[in-house]
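Heads up, the thing below is written out as structure tokens.
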Amino acid sequence: MDAHWLALPILNQLNSGVLVLTTDYTISYYNQFIERRLGVPLVEVRNRCVFDVFTDLPEAWLTRKLDSVIALNAPTFSSWEQRPYIVKLPHLRPVSGGTDYMMQNCTMLPLQHPKTKETFVCLLIEDATDVSIYQQELQQNMLALKQANRLDGLTKVLNRAHWEDLLQTELLRAKRYQQPLSLILFDLDKFKQLNDDYGHLGGDFVLIELASFIQSLLRESDYLGRYGGEEFGIILPNTALQGASDVAERVCKAVAEHKMLFNQQQIRATISLGVAELNTHRHKDAHDMLQCADIALYVSKRQGRNRSTKYREQLQDFVQKVNP
Amino acid sequence: MVILTPDQQDALQELMNVAMGGASDQLARFLNTFIHLQVPAIQVVEASSVPEQLARMYVDDDTRLVSQGFMGSAGIQGEAMLLYKMASTHQLAGILGYQQDDTSESEMLSDISSILTTTFLNSLSAQLDSSLSYSAPRLLSCQPSELKQRLKELSERWTAALQVNIHYQVTDYAFDCEMILLIPGSALETLQHQLDLILQEF
């Protein structure tokens with residue numbers, strides 16, 4: 001079968017753009033795909049410089065690309081992910097599209113006229129709008145998933161697993177760069193009483209309210225996480241014991257003064273805190289450090305709550321005396 | 001695993017040398033500068049041995065991996081992988097006329113890869129009286145820890161790998177890049193057959 005007659009109708013019905021340029025960047029041909037979207041008949045612009053017809057082409061970039069195709073007699077490519085579009089054209093999803101212009105993948109091919117041996121560059125333009133929309137949706141979902149994976153569902157501060165990972169990372173970093181690192185563990189005082197007085201909704205409300213209030217008191221580099229139940233932790237990178245203790249005192253005081261309103265009832269809550277600094281010789285991992293902060297927290301509770309305690313060696317004896 | 005005879009190996013090396021010569025000639029014209037090119041070190045290895053070896057070589061560096069598929073009429077097909085150490089690549093970007101701000105890194109690497117693979121493979125296929133079609137190059141995301149896994153996934157689909165080490169010296173700049181052509185068994189047999197034909201002519 002003589003297949004030559006196929007070329008033209010297929011070129012015109014092809015669902016991709018075909019744009020052919022001469023070596024001095026004048027338009028030699030484009031197919032219906034481009035003609036319809038551009039709204040300019042080919043006869044009007046044939047032999048005109050492509051940069052005069054498509055006025056917002058990235059000229060320096062495209063020139064370099066075209067020159068490489070001509071000089072190397074080899075194809076070159078452009079992806080929508082790197083450059084959303086080359087030729088500004090509308091796409092056919094004006095309602096559901098989500099982008100203003102057609103996202104394009106483009107292949108630039110060297111062509112040679114069989115008789116005159118003249119060289120041309122053919123730009124094959126594929127509509128990648130759909131792909132780009134799916135990709136965007138996917139990325140948004142991935143981001144949301146990633147966040148959901150890191151945050152505590154109730155209080156929206158970091159969840160335990162992620163917070164512990166961060167603590168371990170910060171611990172290794174602090175050791176490597178010989179920087180201080182401190183940790184605060186705190187616990188809501190008499191949470192059971194709160195739940196009894198105001199119901200579980202009231203208890204949850206206090207947890208949410210305090211988590212966001214305390215978050216607002218911290219530096220951006222500190223990490224607040226929910227450790228479990230009514231227990232929370234704060235990682236303070238590049239902070240020594242005294243600095244962390246100052247933060248703990250400040251948070252303790254601010255919480256005690258913070259009034260919360262739940263169902264027209266005013267709720268006040270206090271917290272007990274334990275502060276520990278990384279001891280590079282004694283603390284192998286996050287767990288060792290957590291244990292120290294937990295002992296200090298325990299001492300705060302035993303000594304009457306609504307206070308913070310700095311961890312020191314002697315506290316071990318205190319704990320043993322109370323729980324022989 | 002197909003093993004090349006010493007004669008086939010020699011013939012292949014010769015083809016590669018010519019291909020590399022052709023590619024560097026084109027590049028020199030394109031860049032309008034003189035390019036020194038070392039004879040490429042070429043070896044046919046089992047694809048499964050590639051990941052281990054390359055991951056070792058590149059483990060400490062800021063590495064990028066670009067992949068581009070190719071297919072020809074004579075049954076030649078495969079995937080070209082290019083491994084870059086970013087430290088030396090920025091220099092090449094300068095030579096190619098990229099400004100730091102007007103192109104993204106992935107675009108620059110795609111362009112460089114496309115130029116390196118297509119000039120080399122076009123030159124190679126011309127010697128085999130064939131021509132090749134190419135897929136668009138893709139920058140594969142790879143954190144240093146994922147590099148080995150990435151290479152492993154790629155190599156699992158292919159049996160043989162043609163490993164070509166390219167070292168370009170462009171006037172004052174040096175630029176290193178590892179190009180690995182992963183080739184399936186059937187294509188390697190075709191290649192062997194063609195090498196035999198070439199050998200018969202001598």
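FYI, nothing fancy with the structure tokens labels: chains A, B, ... in order, residues from 1 per chain, ligands from 1 as they appear.
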Selection: 8 Å around Ala256 of chain A, only C-alpha atoms, excl. self and same-chain fewer than 3 positions, as JSON, numbers by chain:
{"A": [252, 253, 268, 269, 270, 271, 306]}
Please dump the current selection as a PDB file, in the first residue's frame; keep N, CA and C atoms.
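The resulting file, part.pdb, is reproduced below:
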```pdb
ATOM      1  N   CYS A 252       5.635  26.987  82.859  1.00  0.00           N
ATOM      2  CA  CYS A 252       4.887  26.566  84.042  1.00  0.00           C
ATOM      3  C   CYS A 252       4.024  27.727  84.569  1.00  0.00           C
ATOM      4  N   LYS A 253       4.668  28.888  84.661  1.00  0.00           N
ATOM      5  CA  LYS A 253       3.989  30.069  85.185  1.00  0.00           C
ATOM      6  C   LYS A 253       2.854  30.509  84.239  1.00  0.00           C
ATOM      7  N   ARG A 268      -8.902  26.254  84.960  1.00  0.00           N
ATOM      8  CA  ARG A 268      -7.484  26.528  85.144  1.00  0.00           C
ATOM      9  C   ARG A 268      -6.772  25.201  85.305  1.00  0.00           C
ATOM     10  N   ALA A 269      -5.579  25.126  84.769  1.00  0.00           N
ATOM     11  CA  ALA A 269      -4.826  23.873  84.887  1.00  0.00           C
ATOM     12  C   ALA A 269      -3.382  24.212  85.212  1.00  0.00           C
ATOM     13  N   THR A 270      -2.704  23.292  85.813  1.00  0.00           N
ATOM     14  CA  THR A 270      -1.257  23.481  86.041  1.00  0.00           C
ATOM     15  C   THR A 270      -0.523  22.273  85.483  1.00  0.00           C
ATOM     16  N   ILE A 271       0.771  22.457  85.285  1.00  0.00           N
ATOM     17  CA  ILE A 271       1.587  21.341  84.797  1.00  0.00           C
ATOM     18  C   ILE A 271       2.821  21.184  85.684  1.00  0.00           C
ATOM     19  N   ASN A 306       2.859  21.734  89.866  1.00  0.00           N
ATOM     20  CA  ASN A 306       2.943  23.125  89.391  1.00  0.00           C
ATOM     21  C   ASN A 306       4.346  23.700  89.598  1.00  0.00           C
TER      22      ASN A 306
END
```
Contacts between chain B and chain A, please, where a residue of chain A counts if it comes within 6 Å (with only C-alpha atoms); show its shortest atom pair and distance in Å to one decimal, rows by chain and ascending number, as JSON lines.
```
{"residue": "A:Ala71", "atom": "CA", "partner": "B:Phe30", "partner_atom": "CA", "distance": 5.8}
{"residue": "A:Leu72", "atom": "CA", "partner": "B:Gln26", "partner_atom": "CA", "distance": 5.9}
{"residue": "A:Ala74", "atom": "CA", "partner": "B:Thr118", "partner_atom": "CA", "distance": 6.0}
{"residue": "A:Phe77", "atom": "CA", "partner": "B:Ala136", "partner_atom": "CA", "distance": 5.7}
{"residue": "A:Gln82", "atom": "CA", "partner": "B:Glu107", "partner_atom": "CA", "distance": 5.8}
```
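Within 8 Å of Asn12 of chain A, once only C-alpha atoms are used and residues closer than 2 positions along the same chain are dropped, the contacting residues are Leu8, Pro9, Ile10, Leu14, Asn31, Gln32 and Phe33 of chain A.
The nearest approach to Glu249 of chain A among the residues A:Cys292, A:Ile86, A:Val275, A:Leu315, with only C-alpha atoms taken into account, belongs to A:Val275.
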